[in-house]
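One file, my_file-v4.txt, carrying compact mmCIF, C-alpha atoms:
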```txt
# COMPACT_ATOMS: atom_id res chain seq x y z
CA MET A 129 109.83 85.17 81.77
CA ARG A 130 109.80 83.67 85.22
CA SER A 131 110.28 84.86 88.79
CA GLN A 132 109.69 83.13 92.10
CA VAL A 133 107.60 86.08 93.31
CA VAL A 134 105.87 88.84 91.35
CA ILE A 135 105.24 91.98 93.39
CA VAL A 136 102.51 94.18 91.95
CA GLY A 137 103.15 97.75 93.09
CA GLY A 138 106.38 99.69 93.51
CA GLY A 139 105.50 101.66 96.63
CA PRO A 140 107.23 101.20 99.99
CA SER A 141 105.54 97.90 100.92
CA GLY A 142 106.34 96.23 97.60
CA LEU A 143 109.89 97.55 97.61
CA LEU A 144 110.50 96.51 101.22
CA LEU A 145 109.23 93.00 100.54
CA GLY A 146 111.38 92.78 97.43
CA GLN A 147 114.51 93.94 99.22
CA LEU A 148 114.02 91.54 102.12
CA LEU A 149 113.46 88.62 99.73
CA HIS A 150 116.49 89.61 97.64
CA ARG A 151 118.75 89.44 100.68
CA ARG A 152 117.60 85.87 101.24
CA GLY A 153 118.25 84.89 97.62
CA ILE A 154 114.57 84.78 96.62
CA ASP A 155 113.93 86.24 93.17
CA ALA A 156 111.20 88.89 93.03
CA VAL A 157 110.28 91.24 90.21
CA VAL A 158 108.42 94.48 90.98
CA LEU A 159 105.80 95.86 88.58
CA GLU A 160 105.00 99.58 88.92
CA ARG A 161 102.35 101.45 86.93
CA LYS A 162 104.11 104.83 87.14
CA THR A 163 107.71 106.05 86.86
CA ARG A 164 110.17 106.10 89.74
CA ASP A 165 110.07 109.93 89.79
CA TYR A 166 106.29 109.89 90.02
CA VAL A 167 106.33 107.48 92.97
CA LEU A 168 108.94 109.59 94.74
CA GLY A 169 106.86 112.70 94.12
CA ARG A 170 104.05 111.46 96.35
CA ILE A 171 104.15 113.23 99.72
CA ARG A 172 103.20 110.94 102.60
CA ALA A 173 103.57 110.97 106.38
CA GLY A 174 106.55 109.31 107.95
CA VAL A 175 106.12 108.23 111.58
CA LEU A 176 107.86 104.86 111.77
CA GLU A 177 107.13 102.25 114.39
CA THR A 178 109.95 100.28 115.97
CA GLY A 179 108.98 97.22 113.94
CA LEU A 180 109.33 99.05 110.63
CA VAL A 181 112.72 100.46 111.65
CA ARG A 182 113.91 96.93 112.40
CA LEU A 183 112.66 95.69 109.03
CA MET A 184 114.59 98.49 107.33
CA GLU A 185 117.66 97.40 109.25
CA GLU A 186 117.15 93.79 108.20
CA ALA A 187 116.74 94.95 104.60
CA GLY A 188 120.07 96.77 104.82
CA VAL A 189 118.58 100.20 104.10
CA ALA A 190 118.53 101.94 107.48
CA ASP A 191 121.79 103.95 107.38
CA ARG A 192 120.25 107.20 106.16
CA LEU A 193 117.18 106.65 108.34
CA HIS A 194 119.39 106.53 111.44
CA ALA A 195 121.50 109.47 110.28
CA GLU A 196 118.65 111.80 109.27
CA GLY A 197 115.53 110.53 111.04
CA PHE A 198 114.20 112.32 114.11
CA VAL A 199 113.67 110.14 117.18
CA HIS A 200 110.52 111.16 119.02
CA ALA A 201 110.24 109.89 122.57
CA GLY A 202 106.62 110.99 122.88
CA THR A 203 103.86 113.26 121.64
CA GLN A 204 101.76 116.20 122.81
CA ILE A 205 97.97 116.11 123.07
CA ALA A 206 95.99 119.32 123.45
CA TYR A 207 92.37 120.08 124.26
CA GLY A 208 91.50 123.75 124.13
CA GLU A 209 94.24 125.54 126.08
CA ASP A 210 95.34 122.45 127.98
CA MET A 211 98.22 120.32 126.68
CA PHE A 212 99.95 117.25 128.09
CA HIS A 213 102.78 114.94 127.11
CA VAL A 214 102.67 111.17 126.61
CA ASP A 215 106.19 109.75 127.00
CA PHE A 216 106.56 106.70 124.74
CA GLN A 217 110.12 106.00 125.84
CA ASP A 218 109.28 106.02 129.53
CA LEU A 219 106.07 104.02 129.17
CA THR A 220 107.19 101.39 126.64
CA GLY A 221 110.96 101.65 126.30
CA SER A 222 110.56 102.51 122.61
CA PRO A 223 110.33 105.77 120.62
CA VAL A 224 109.08 106.38 117.09
CA VAL A 225 111.17 107.82 114.26
CA VAL A 226 110.01 110.65 112.01
CA TYR A 227 111.39 109.92 108.54
CA GLY A 228 109.37 110.71 105.44
CA GLN A 229 107.74 107.89 103.52
CA THR A 230 109.23 109.41 100.38
CA GLU A 231 112.70 108.91 101.88
CA VAL A 232 111.88 105.31 102.84
CA THR A 233 110.85 104.69 99.24
CA ARG A 234 113.95 106.43 97.87
CA ASP A 235 116.26 104.31 100.04
CA LEU A 236 114.55 101.13 98.89
CA TYR A 237 114.71 102.10 95.21
CA ASP A 238 118.41 102.96 95.55
CA ALA A 239 119.12 99.62 97.21
CA ARG A 240 117.14 97.74 94.56
CA GLU A 241 119.03 99.44 91.74
CA LYS A 242 122.38 98.81 93.43
CA ALA A 243 121.53 95.12 93.79
CA GLY A 244 120.48 94.87 90.15
CA ALA A 245 117.05 93.60 91.15
CA ARG A 246 114.43 93.85 88.43
CA THR A 247 111.81 96.58 88.49
CA GLU A 248 109.48 97.19 85.57
CA PHE A 249 108.02 100.71 85.37
CA GLN A 250 105.12 102.11 83.36
CA VAL A 251 103.28 98.82 83.11
CA ASP A 252 99.62 98.86 82.10
CA HIS A 253 96.71 96.43 82.11
CA VAL A 254 98.17 94.18 84.81
CA GLU A 255 96.18 90.98 85.26
CA ILE A 256 96.76 88.16 87.75
CA HIS A 257 95.86 84.74 86.40
CA ASP A 258 95.27 81.35 88.00
CA ALA A 259 96.05 82.65 91.49
CA ASP A 260 94.03 79.77 92.95
CA SER A 261 96.28 77.22 91.24
CA ASP A 262 99.89 76.16 91.81
CA LYS A 263 100.96 77.91 88.57
CA PRO A 264 99.93 81.56 88.76
CA TYR A 265 101.14 84.08 86.22
CA VAL A 266 100.89 87.80 85.62
CA THR A 267 100.37 89.58 82.31
CA TYR A 268 100.81 93.25 81.52
CA GLU A 269 101.62 95.69 78.74
CA GLN A 270 104.73 97.82 78.60
CA GLY A 271 105.52 100.16 75.75
CA GLY A 272 102.62 98.67 73.80
CA LYS A 273 104.00 95.12 74.06
CA ALA A 274 102.30 92.25 75.88
CA GLN A 275 104.38 90.59 78.61
CA ARG A 276 103.93 87.52 80.81
CA ILE A 277 105.70 86.42 83.98
CA ASP A 278 105.19 82.93 85.42
CA CYS A 279 105.76 82.67 89.14
CA ASP A 280 105.20 80.75 92.35
CA PHE A 281 103.46 83.57 94.24
CA VAL A 282 102.00 87.04 93.67
CA ALA A 283 102.19 89.81 96.29
CA GLY A 284 99.54 92.47 95.75
CA CYS A 285 101.07 95.72 97.02
CA ASP A 286 99.25 97.97 94.58
CA GLY A 287 97.05 100.01 96.89
CA PHE A 288 93.34 100.47 97.37
CA HIS A 289 92.61 101.06 93.67
CA GLY A 290 94.91 98.32 92.36
CA VAL A 291 94.03 95.10 90.59
CA SER A 292 95.15 92.67 93.29
CA ARG A 293 92.22 92.87 95.70
CA LYS A 294 89.75 92.84 92.81
CA THR A 295 91.28 89.59 91.59
CA ILE A 296 89.86 87.81 94.64
CA PRO A 297 86.28 86.79 93.73
CA LEU A 298 83.43 88.59 95.47
CA SER A 299 82.19 85.19 96.58
CA VAL A 300 85.40 84.83 98.61
CA ARG A 301 86.23 88.31 99.93
CA ARG A 302 84.30 90.38 102.43
CA GLU A 303 84.87 94.09 102.93
CA TYR A 304 84.33 96.21 106.03
CA GLU A 305 84.28 100.00 105.77
CA LYS A 306 83.61 103.15 107.77
CA LEU A 307 83.61 106.56 106.08
CA TYR A 308 84.20 109.57 108.32
CA PRO A 309 82.11 112.73 107.82
CA PHE A 310 85.14 115.02 107.44
CA GLY A 311 88.53 115.27 105.80
CA TRP A 312 91.98 116.63 106.53
CA LEU A 313 93.23 119.76 104.82
CA GLY A 314 97.02 119.58 104.87
CA ILE A 315 99.77 121.93 103.83
CA LEU A 316 103.51 121.51 103.51
CA SER A 317 105.61 124.60 104.21
CA GLU A 318 109.31 125.38 104.26
CA THR A 319 109.15 126.57 107.86
CA PRO A 320 110.66 125.23 111.10
CA PRO A 321 108.25 122.97 113.03
CA VAL A 322 106.39 124.59 115.89
CA ASN A 323 107.44 121.80 118.26
CA ASP A 324 110.06 119.07 118.36
CA GLU A 325 107.30 116.47 118.75
CA LEU A 326 103.92 116.09 117.06
CA ILE A 327 101.00 118.00 118.58
CA TYR A 328 97.53 116.48 118.28
CA SER A 329 94.95 119.13 119.12
CA SER A 330 91.21 118.95 119.72
CA SER A 331 89.21 122.15 119.88
CA ASP A 332 85.64 123.37 119.66
CA ARG A 333 86.37 124.26 116.04
CA GLY A 334 87.71 120.82 115.15
CA PHE A 335 90.92 118.82 115.04
CA ALA A 336 94.42 120.04 114.12
CA LEU A 337 97.81 118.35 113.84
CA CYS A 338 101.25 119.96 113.89
CA SER A 339 103.90 117.65 112.46
CA MET A 340 107.23 117.85 110.71
CA ARG A 341 109.39 116.45 107.94
CA ASN A 342 112.71 117.93 109.04
CA GLU A 343 114.14 121.00 110.76
CA ASN A 344 112.99 123.31 107.96
CA LEU A 345 109.97 121.51 106.55
CA SER A 346 106.66 121.30 108.40
CA ARG A 347 103.36 119.57 107.76
CA TYR A 348 100.13 120.90 109.28
CA TYR A 349 96.56 119.63 109.09
CA ILE A 350 93.12 120.84 110.07
CA GLN A 351 89.83 118.96 110.02
CA CYS A 352 87.62 120.25 107.22
CA SER A 353 84.33 119.55 105.47
CA LEU A 354 84.23 116.88 102.79
CA SER A 355 82.72 119.50 100.48
CA ASP A 356 85.81 121.71 100.75
CA HIS A 357 88.44 121.96 98.02
CA PRO A 358 92.09 122.99 98.49
CA GLU A 359 91.55 126.11 96.37
CA ASP A 360 88.84 127.20 98.82
CA TRP A 361 91.56 127.83 101.39
CA THR A 362 94.15 130.55 100.99
CA ASP A 363 97.36 130.13 102.96
CA THR A 364 96.33 133.06 105.15
CA ALA A 365 92.98 131.44 105.96
CA PHE A 366 94.65 128.13 106.76
CA TRP A 367 97.19 129.63 109.17
CA ALA A 368 94.48 131.68 110.88
CA GLU A 369 92.29 128.62 111.40
CA LEU A 370 95.22 126.51 112.62
CA ARG A 371 96.02 129.14 115.24
CA ARG A 372 92.43 129.01 116.50
CA ARG A 373 92.64 125.24 117.02
CA VAL A 374 95.88 124.98 119.02
CA PRO A 375 96.72 126.34 122.47
CA ALA A 376 97.80 130.00 122.55
CA GLU A 377 101.33 129.04 123.60
CA VAL A 378 101.64 127.01 120.38
CA ALA A 379 99.97 129.61 118.17
CA ASP A 380 102.32 132.33 119.46
CA ARG A 381 105.45 130.51 118.30
CA LEU A 382 104.05 129.23 115.00
CA VAL A 383 106.20 130.26 112.02
CA THR A 384 104.11 130.63 108.88
CA GLY A 385 105.00 130.81 105.20
CA PRO A 386 103.71 129.99 101.74
CA SER A 387 102.52 126.44 101.20
CA ILE A 388 104.45 124.31 98.74
CA GLU A 389 101.78 121.61 98.69
CA LYS A 390 98.12 121.67 99.71
CA SER A 391 95.60 118.85 99.59
CA ILE A 392 92.50 117.40 101.21
CA ALA A 393 92.30 113.74 102.19
CA PRO A 394 89.06 111.98 103.18
CA LEU A 395 89.23 109.63 106.16
CA ARG A 396 88.30 105.98 105.86
CA SER A 397 88.61 102.75 107.80
CA PHE A 398 88.61 99.73 105.51
CA VAL A 399 89.53 96.03 105.77
CA THR A 400 89.10 93.18 103.33
CA GLU A 401 89.16 89.54 104.36
CA PRO A 402 90.88 87.24 103.62
CA MET A 403 94.26 88.67 102.68
CA ARG A 404 95.20 85.50 100.81
CA TRP A 405 93.56 83.71 97.93
CA GLY A 406 95.48 80.72 96.67
CA ARG A 407 98.93 82.04 95.81
CA LEU A 408 97.93 85.70 95.84
CA PHE A 409 98.67 87.71 98.99
CA LEU A 410 97.49 91.25 99.72
CA CYS A 411 99.74 93.74 101.50
CA GLY A 412 99.15 97.25 102.78
CA ASP A 413 96.52 99.52 101.24
CA ALA A 414 95.43 96.75 98.88
CA ALA A 415 93.89 95.09 101.94
CA HIS A 416 93.24 97.84 104.48
CA ILE A 417 93.07 101.59 105.04
CA VAL A 418 93.27 103.47 108.35
CA PRO A 419 92.56 107.12 109.17
CA PRO A 420 95.88 108.97 109.38
CA THR A 421 95.28 110.04 112.98
CA GLY A 422 97.29 107.20 114.50
CA ALA A 423 100.08 107.20 111.86
CA LYS A 424 99.42 103.55 111.03
CA GLY A 425 99.14 103.43 107.22
CA LEU A 426 102.77 102.69 106.34
CA ASN A 427 103.26 100.76 109.56
CA THR A 428 100.39 98.34 108.98
CA ALA A 429 101.80 97.68 105.51
CA ALA A 430 105.14 96.88 107.15
CA SER A 431 103.56 94.34 109.48
CA ASP A 432 102.00 92.60 106.46
CA VAL A 433 105.42 92.52 104.82
CA HIS A 434 106.90 91.00 107.97
CA TYR A 435 104.43 88.11 108.00
CA LEU A 436 104.59 87.47 104.26
CA TYR A 437 108.38 87.74 104.09
CA HIS A 438 108.88 85.23 106.88
CA GLY A 439 106.26 82.93 105.38
CA LEU A 440 107.98 82.92 101.99
CA VAL A 441 111.40 82.37 103.57
CA GLN A 442 109.99 79.42 105.49
CA TYR A 443 108.51 78.05 102.26
CA TYR A 444 111.72 78.32 100.21
CA GLU A 445 114.30 77.57 102.89
CA GLN A 446 112.47 74.95 104.96
CA ASN A 447 110.01 73.62 102.38
CA SER A 448 107.21 74.42 104.81
CA PRO A 449 103.92 76.14 103.88
CA GLU A 450 103.08 76.91 107.51
CA GLY A 451 103.98 80.60 107.31
CA ILE A 452 102.10 81.38 104.11
CA ASP A 453 99.13 79.28 105.22
CA GLY A 454 98.87 81.38 108.38
CA TYR A 455 99.59 84.71 106.70
CA SER A 456 96.07 86.08 106.42
CA GLN A 457 95.07 85.14 109.96
CA LYS A 458 98.22 86.61 111.55
CA ALA A 459 98.16 89.77 109.47
CA LEU A 460 94.48 90.45 110.09
CA ALA A 461 94.77 89.88 113.85
CA ARG A 462 97.23 92.77 114.05
CA ILE A 463 95.45 94.89 111.44
CA TRP A 464 92.18 94.93 113.34
CA LYS A 465 93.99 96.14 116.47
CA ALA A 466 95.57 98.96 114.47
CA GLU A 467 92.16 99.76 112.97
CA ARG A 468 90.68 99.95 116.47
CA PHE A 469 93.41 102.30 117.67
CA SER A 470 93.10 104.60 114.64
CA TRP A 471 89.29 104.65 114.94
CA TRP A 472 89.46 105.38 118.69
CA PHE A 473 92.09 108.10 118.39
CA SER A 474 90.12 109.75 115.57
CA SER A 475 86.94 109.62 117.65
CA LEU A 476 88.80 111.13 120.61
CA LEU A 477 89.97 114.26 118.80
CA HIS A 478 87.57 115.18 115.98
CA ARG A 479 84.26 117.01 115.94
CA TYR A 480 81.41 115.01 114.41
CA PRO A 481 78.39 116.79 112.92
CA ASP A 482 75.91 114.72 114.91
CA GLN A 483 77.63 114.99 118.32
CA SER A 484 75.29 115.80 121.19
CA GLU A 485 76.25 117.69 124.33
CA PHE A 486 76.49 114.32 126.06
CA ASP A 487 78.87 113.06 123.38
CA LEU A 488 81.09 116.11 123.85
CA LYS A 489 81.17 115.56 127.62
CA MET A 490 82.19 111.95 127.05
CA GLN A 491 84.94 113.08 124.67
CA ARG A 492 86.27 115.51 127.28
CA ALA A 493 86.16 112.80 129.95
CA ASP A 494 88.03 110.39 127.68
CA ILE A 495 90.81 112.93 127.08
CA ALA A 496 90.97 113.73 130.80
CA PHE A 497 91.29 110.01 131.59
CA LEU A 498 94.17 109.72 129.13
CA ARG A 499 95.84 112.73 130.72
CA GLU A 500 95.46 111.52 134.32
CA ASN A 501 95.76 107.73 134.13
CA GLU A 502 99.18 106.13 133.60
CA ALA A 503 97.71 102.77 132.56
CA GLN A 504 95.68 104.47 129.83
CA GLN A 505 98.76 106.39 128.69
CA ARG A 506 100.73 103.14 128.56
CA ALA A 507 98.06 101.48 126.43
CA PHE A 508 98.06 104.51 124.13
CA ALA A 509 101.85 104.50 123.90
CA GLU A 510 102.03 100.75 123.22
CA ASN A 511 99.64 101.15 120.30
CA TYR A 512 101.36 104.25 118.95
CA VAL A 513 104.90 102.83 118.92
CA GLY A 514 103.50 99.62 117.45
CA LEU A 515 102.16 96.37 118.83
CA PRO A 516 104.58 93.45 118.49
CA TYR A 517 104.50 91.34 115.32
```

What does the file become when written as structure tokens?
Amino acid sequence: MRSQVVIVGGGPSGLLLGQLLHRRGIDAVVLERKTRDYVLGRIRAGVLETGLVRLMEEAGVADRLHAEGFVHAGTQIAYGEDMFHVDFQDLTGSPVVVYGQTEVTRDLYDAREKAGARTEFQVDHVEIHDADSDKPYVTYEQGGKAQRIDCDFVAGCDGFHGVSRKTIPLSVRREYEKLYPFGWLGILSETPPVNDELIYSSSDRGFALCSMRNENLSRYYIQCSLSDHPEDWTDTAFWAELRRRVPAEVADRLVTGPSIEKSIAPLRSFVTEPMRWGRLFLCGDAAHIVPPTGAKGLNTAASDVHYLYHGLVQYYEQNSPEGIDGYSQKALARIWKAERFSWWFSSLLHRYPDQSEFDLKMQRADIAFLRENEAQQRAFAENYVGLPY
């Protein structure tokens, strides 16, 4: 078998890249380790930057996003009992859109099936061969049978634990990582959101986030110890702790209910360089991880897709390697800025076990500066809605 591009990983970044390439007549096969239903069963955040919305439009899959997504012109930031608004629309001219990552993935799968584009599910033992040559190929097993696809390029969109990054020799790649000394305990509940915009809250007891999926589905998080387990927290205990970490005016209007999903996620900042080795390109979590505080995970993957998509189009339509040759440098330049923002925003709002009284005073001063200074708010808003590609 042969394809111009093999995309390893059937999550949103791989599917978005495949759909964009398909619309330009570039053949791409997607290899996914799990089933479609399994992929769609993964619950992920869905705050979409302007750039990602435009990519969805270019991919021809934005109709439902525009019909059902919630446009957020800003966000609320709380410290103790104080809360203030940062107006993205006023400061940058752009909002963000709340639309679940699961729905993004569903739209892309539906479009791929409608187009008759090839997706192979339940593939095992994927290996990328000769990526540093001009004739790479990918092997895998499916249903107990060995398969091989020859190709021009391989896009590694298979996440942090996938095979793609590990294919790049250790003598070539360098990894940068910061592990945070806490996690996020999150629950999903079939309750109306407490606010029509996200609320990021810092308190003496730790961080909390009030977010939403739709008018009757809410997502809430609290900072927790890395030693905690979801079963350690009853729903009653979670709601009580959340109320302690948000202003009283928010706690008073909070609608609670049984959780339909509960999990704990550790926080990590991670980047690998380079994001290209020969004809293998890394996209999204295969190359970098951000803490969820700044809502950048899906959006950084989208910026990678943007650079790689345009590079491949330039290669096939103009016979120019300029775009793919510059892919890693361009992608990483934006990634490190997103990493900085996510690291800074996490540091602004969370409690760290080794914080001194001086550190806490600096944290309070930093939040006060954001509240009072329009230039700082504009810089925050520009990063949150997404830096330009």

Task: Residue nearest Gly514 (chain A) among A:Glu343, A:Glu325, A:Glu389, A:Glu177 (counting all atoms listed in the file) - done: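 Closest to Gly514 (chain A) of all the choices is A:Glu177.
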
Task: Between CA of Lys306 (chain A) and CA of Phe398 (chain A) - distance in Å to one decimal - done: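 One can read the CA of Phe398 (chain A) to CA of Lys306 (chain A) distance as 6.5 Å.
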
Open item on the list: For a quick check of understanding, using all atoms listed in the file, which of A:Asp286, A:Glu209, A:Asp356, A:Asp324 has the smallest distance to Gly311 (chain A)?
Closed with: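 Of A:Asp286, A:Glu209, A:Asp356, A:Asp324, the one nearest Gly311 (chain A) is A:Asp356, counting all atoms listed in the file.
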
Counting all atoms listed in the file, give me one row per residue of region 166-193 of chain A with an atom at most 12 Å from an atom of region 239-244 of chain A, showing the shortest contact pair and its distance in Å to one decimal, sorted by chain then residue number, as JSON lines.
```
{"residue": "A:Met184", "atom": "CA", "partner": "A:Ala239", "partner_atom": "CA", "distance": 11.1}
{"residue": "A:Ala187", "atom": "CA", "partner": "A:Ala239", "partner_atom": "CA", "distance": 9.1}
{"residue": "A:Gly188", "atom": "CA", "partner": "A:Ala239", "partner_atom": "CA", "distance": 8.2}
{"residue": "A:Val189", "atom": "CA", "partner": "A:Ala239", "partner_atom": "CA", "distance": 6.9}
{"residue": "A:Ala190", "atom": "CA", "partner": "A:Ala239", "partner_atom": "CA", "distance": 10.5}
{"residue": "A:Asp191", "atom": "CA", "partner": "A:Ala239", "partner_atom": "CA", "distance": 11.4}
{"residue": "A:Arg192", "atom": "CA", "partner": "A:Ala239", "partner_atom": "CA", "distance": 11.8}
```

- [ ] Kindly give the distance, in Å, that separates CA of Leu143 (chain A) and CA of Thr421 (chain A), rounded to a single decimal.
- [x] 24.6 Å

Open item on the list: The residues within 12 Å of (102.5, 126.6, 116.4), using all atoms listed in the file and the coordinates of the file, should be reported as number ranges by chain; which are they?
Closed with: A: 319-329, 336-340, 346-349, 367-384

Let's have the selection written as a compact mmCIF listing (two decimals), keeping the file's coordinate frame, with C-alpha atoms.
```
# COMPACT_ATOMS: atom_id res chain seq x y z
CA THR A 319 109.15 126.57 107.86
CA PRO A 320 110.66 125.23 111.10
CA PRO A 321 108.25 122.97 113.03
CA VAL A 322 106.39 124.59 115.89
CA ASN A 323 107.44 121.80 118.26
CA ASP A 324 110.06 119.07 118.36
CA GLU A 325 107.30 116.47 118.75
CA LEU A 326 103.92 116.09 117.06
CA ILE A 327 101.00 118.00 118.58
CA TYR A 328 97.53 116.48 118.28
CA SER A 329 94.95 119.13 119.12
CA ALA A 336 94.42 120.04 114.12
CA LEU A 337 97.81 118.35 113.84
CA CYS A 338 101.25 119.96 113.89
CA SER A 339 103.90 117.65 112.46
CA MET A 340 107.23 117.85 110.71
CA SER A 346 106.66 121.30 108.40
CA ARG A 347 103.36 119.57 107.76
CA TYR A 348 100.13 120.90 109.28
CA TYR A 349 96.56 119.63 109.09
CA TRP A 367 97.19 129.63 109.17
CA ALA A 368 94.48 131.68 110.88
CA GLU A 369 92.29 128.62 111.40
CA LEU A 370 95.22 126.51 112.62
CA ARG A 371 96.02 129.14 115.24
CA ARG A 372 92.43 129.01 116.50
CA ARG A 373 92.64 125.24 117.02
CA VAL A 374 95.88 124.98 119.02
CA PRO A 375 96.72 126.34 122.47
CA ALA A 376 97.80 130.00 122.55
CA GLU A 377 101.33 129.04 123.60
CA VAL A 378 101.64 127.01 120.38
CA ALA A 379 99.97 129.61 118.17
CA ASP A 380 102.32 132.33 119.46
CA ARG A 381 105.45 130.51 118.30
CA LEU A 382 104.05 129.23 115.00
CA VAL A 383 106.20 130.26 112.02
CA THR A 384 104.11 130.63 108.88
```

Task: Which residue of A:Tyr437, A:Tyr455, A:Tyr265, A:Trp312 approaches Ile392 (chain A) most closely, using only C-alpha atoms - done: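 The answer is A:Trp312, which sits nearest to Ile392 (chain A).
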
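Between CA of Val282 (chain A) and CA of Arg407 (chain A) the interatomic distance comes to 6.2 Å.
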
Task: Asp332 (chain A) environment, 10 Å, only C-alpha atoms, sequence neighbours closer than 4 positions dropped, as a PyMOL selection string - done: chain A and resi 207-208+372-373+478-479+488

Task: Top pick for closest residue to Ala503 (chain A), considering A:Arg396, A:Thr220, A:Ser299, A:Pro140 and counting only C-alpha atoms - done: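 Residue with the minimum atom-to-atom distance to Ala503 (chain A): A:Thr220.
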
Sorted per-residue table, region 198-280 of chain A near region 494-500 of chain A, closest atoms and distance, 12 Å, all atoms listed in the file, as CSV:
```
residue,atom,partner,partner_atom,distance
A:Gln204,CA,A:Arg499,CA,10.5
A:Ile205,CA,A:Arg499,CA,8.6
A:Ala206,CA,A:Ile495,CA,9.0
A:Tyr207,CA,A:Ile495,CA,7.8
A:Gly208,CA,A:Ile495,CA,11.2
A:Asp210,CA,A:Arg499,CA,10.1
A:Met211,CA,A:Arg499,CA,8.9
A:Phe212,CA,A:Arg499,CA,6.7
A:His213,CA,A:Arg499,CA,8.1
A:Val214,CA,A:Arg499,CA,8.1
A:Asp215,CA,A:Arg499,CA,11.4
```

Hey, can you spit out that residue selection with C-alpha atoms as an mmCIF file, in the frame of the given file?
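The resulting again.cif:
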```
data_model
loop_
_atom_site.group_PDB
_atom_site.id
_atom_site.type_symbol
_atom_site.label_atom_id
_atom_site.label_comp_id
_atom_site.auth_asym_id
_atom_site.auth_seq_id
_atom_site.Cartn_x
_atom_site.Cartn_y
_atom_site.Cartn_z
ATOM 1 C CA GLN A 204 101.760 116.200 122.810
ATOM 2 C CA ILE A 205 97.970 116.110 123.070
ATOM 3 C CA ALA A 206 95.990 119.320 123.450
ATOM 4 C CA TYR A 207 92.370 120.080 124.260
ATOM 5 C CA GLY A 208 91.500 123.750 124.130
ATOM 6 C CA ASP A 210 95.340 122.450 127.980
ATOM 7 C CA MET A 211 98.220 120.320 126.680
ATOM 8 C CA PHE A 212 99.950 117.250 128.090
ATOM 9 C CA HIS A 213 102.780 114.940 127.110
ATOM 10 C CA VAL A 214 102.670 111.170 126.610
ATOM 11 C CA ASP A 215 106.190 109.750 127.000
#
```

As a compact mmCIF listing (two decimals), keeping the file's coordinate frame, please: region 248-261 of chain A completed to N, CA and C atoms.
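Below is the file that was written, rebuild_17.txt:
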```txt
# COMPACT_ATOMS: atom_id res chain seq x y z
N GLU A 248 110.07 96.78 86.84
CA GLU A 248 109.48 97.19 85.57
C GLU A 248 108.53 98.36 85.82
N PHE A 249 108.84 99.52 85.21
CA PHE A 249 108.02 100.71 85.37
C PHE A 249 107.08 100.89 84.18
N GLN A 250 106.09 101.74 84.39
CA GLN A 250 105.12 102.11 83.36
C GLN A 250 104.47 100.88 82.71
N VAL A 251 104.00 100.01 83.59
CA VAL A 251 103.28 98.82 83.11
C VAL A 251 101.78 99.10 83.18
N ASP A 252 101.06 98.65 82.18
CA ASP A 252 99.62 98.86 82.10
C ASP A 252 98.89 97.53 81.99
N HIS A 253 97.60 97.57 82.31
CA HIS A 253 96.71 96.43 82.11
C HIS A 253 97.25 95.17 82.80
N VAL A 254 97.69 95.34 84.05
CA VAL A 254 98.17 94.18 84.81
C VAL A 254 97.00 93.27 85.13
N GLU A 255 97.18 91.98 84.91
CA GLU A 255 96.18 90.98 85.26
C GLU A 255 96.88 89.81 85.95
N ILE A 256 96.24 89.31 86.99
CA ILE A 256 96.76 88.16 87.75
C ILE A 256 95.92 86.95 87.38
N HIS A 257 96.56 85.92 86.91
CA HIS A 257 95.86 84.74 86.40
C HIS A 257 96.15 83.51 87.26
N ASP A 258 95.14 82.66 87.36
CA ASP A 258 95.27 81.35 88.00
C ASP A 258 95.88 81.44 89.40
N ALA A 259 95.51 82.48 90.14
CA ALA A 259 96.05 82.65 91.49
C ALA A 259 95.63 81.53 92.42
N ASP A 260 94.51 80.86 92.10
CA ASP A 260 94.03 79.77 92.95
C ASP A 260 94.59 78.43 92.51
N SER A 261 95.62 78.45 91.66
CA SER A 261 96.28 77.22 91.24
C SER A 261 97.73 77.24 91.72
```
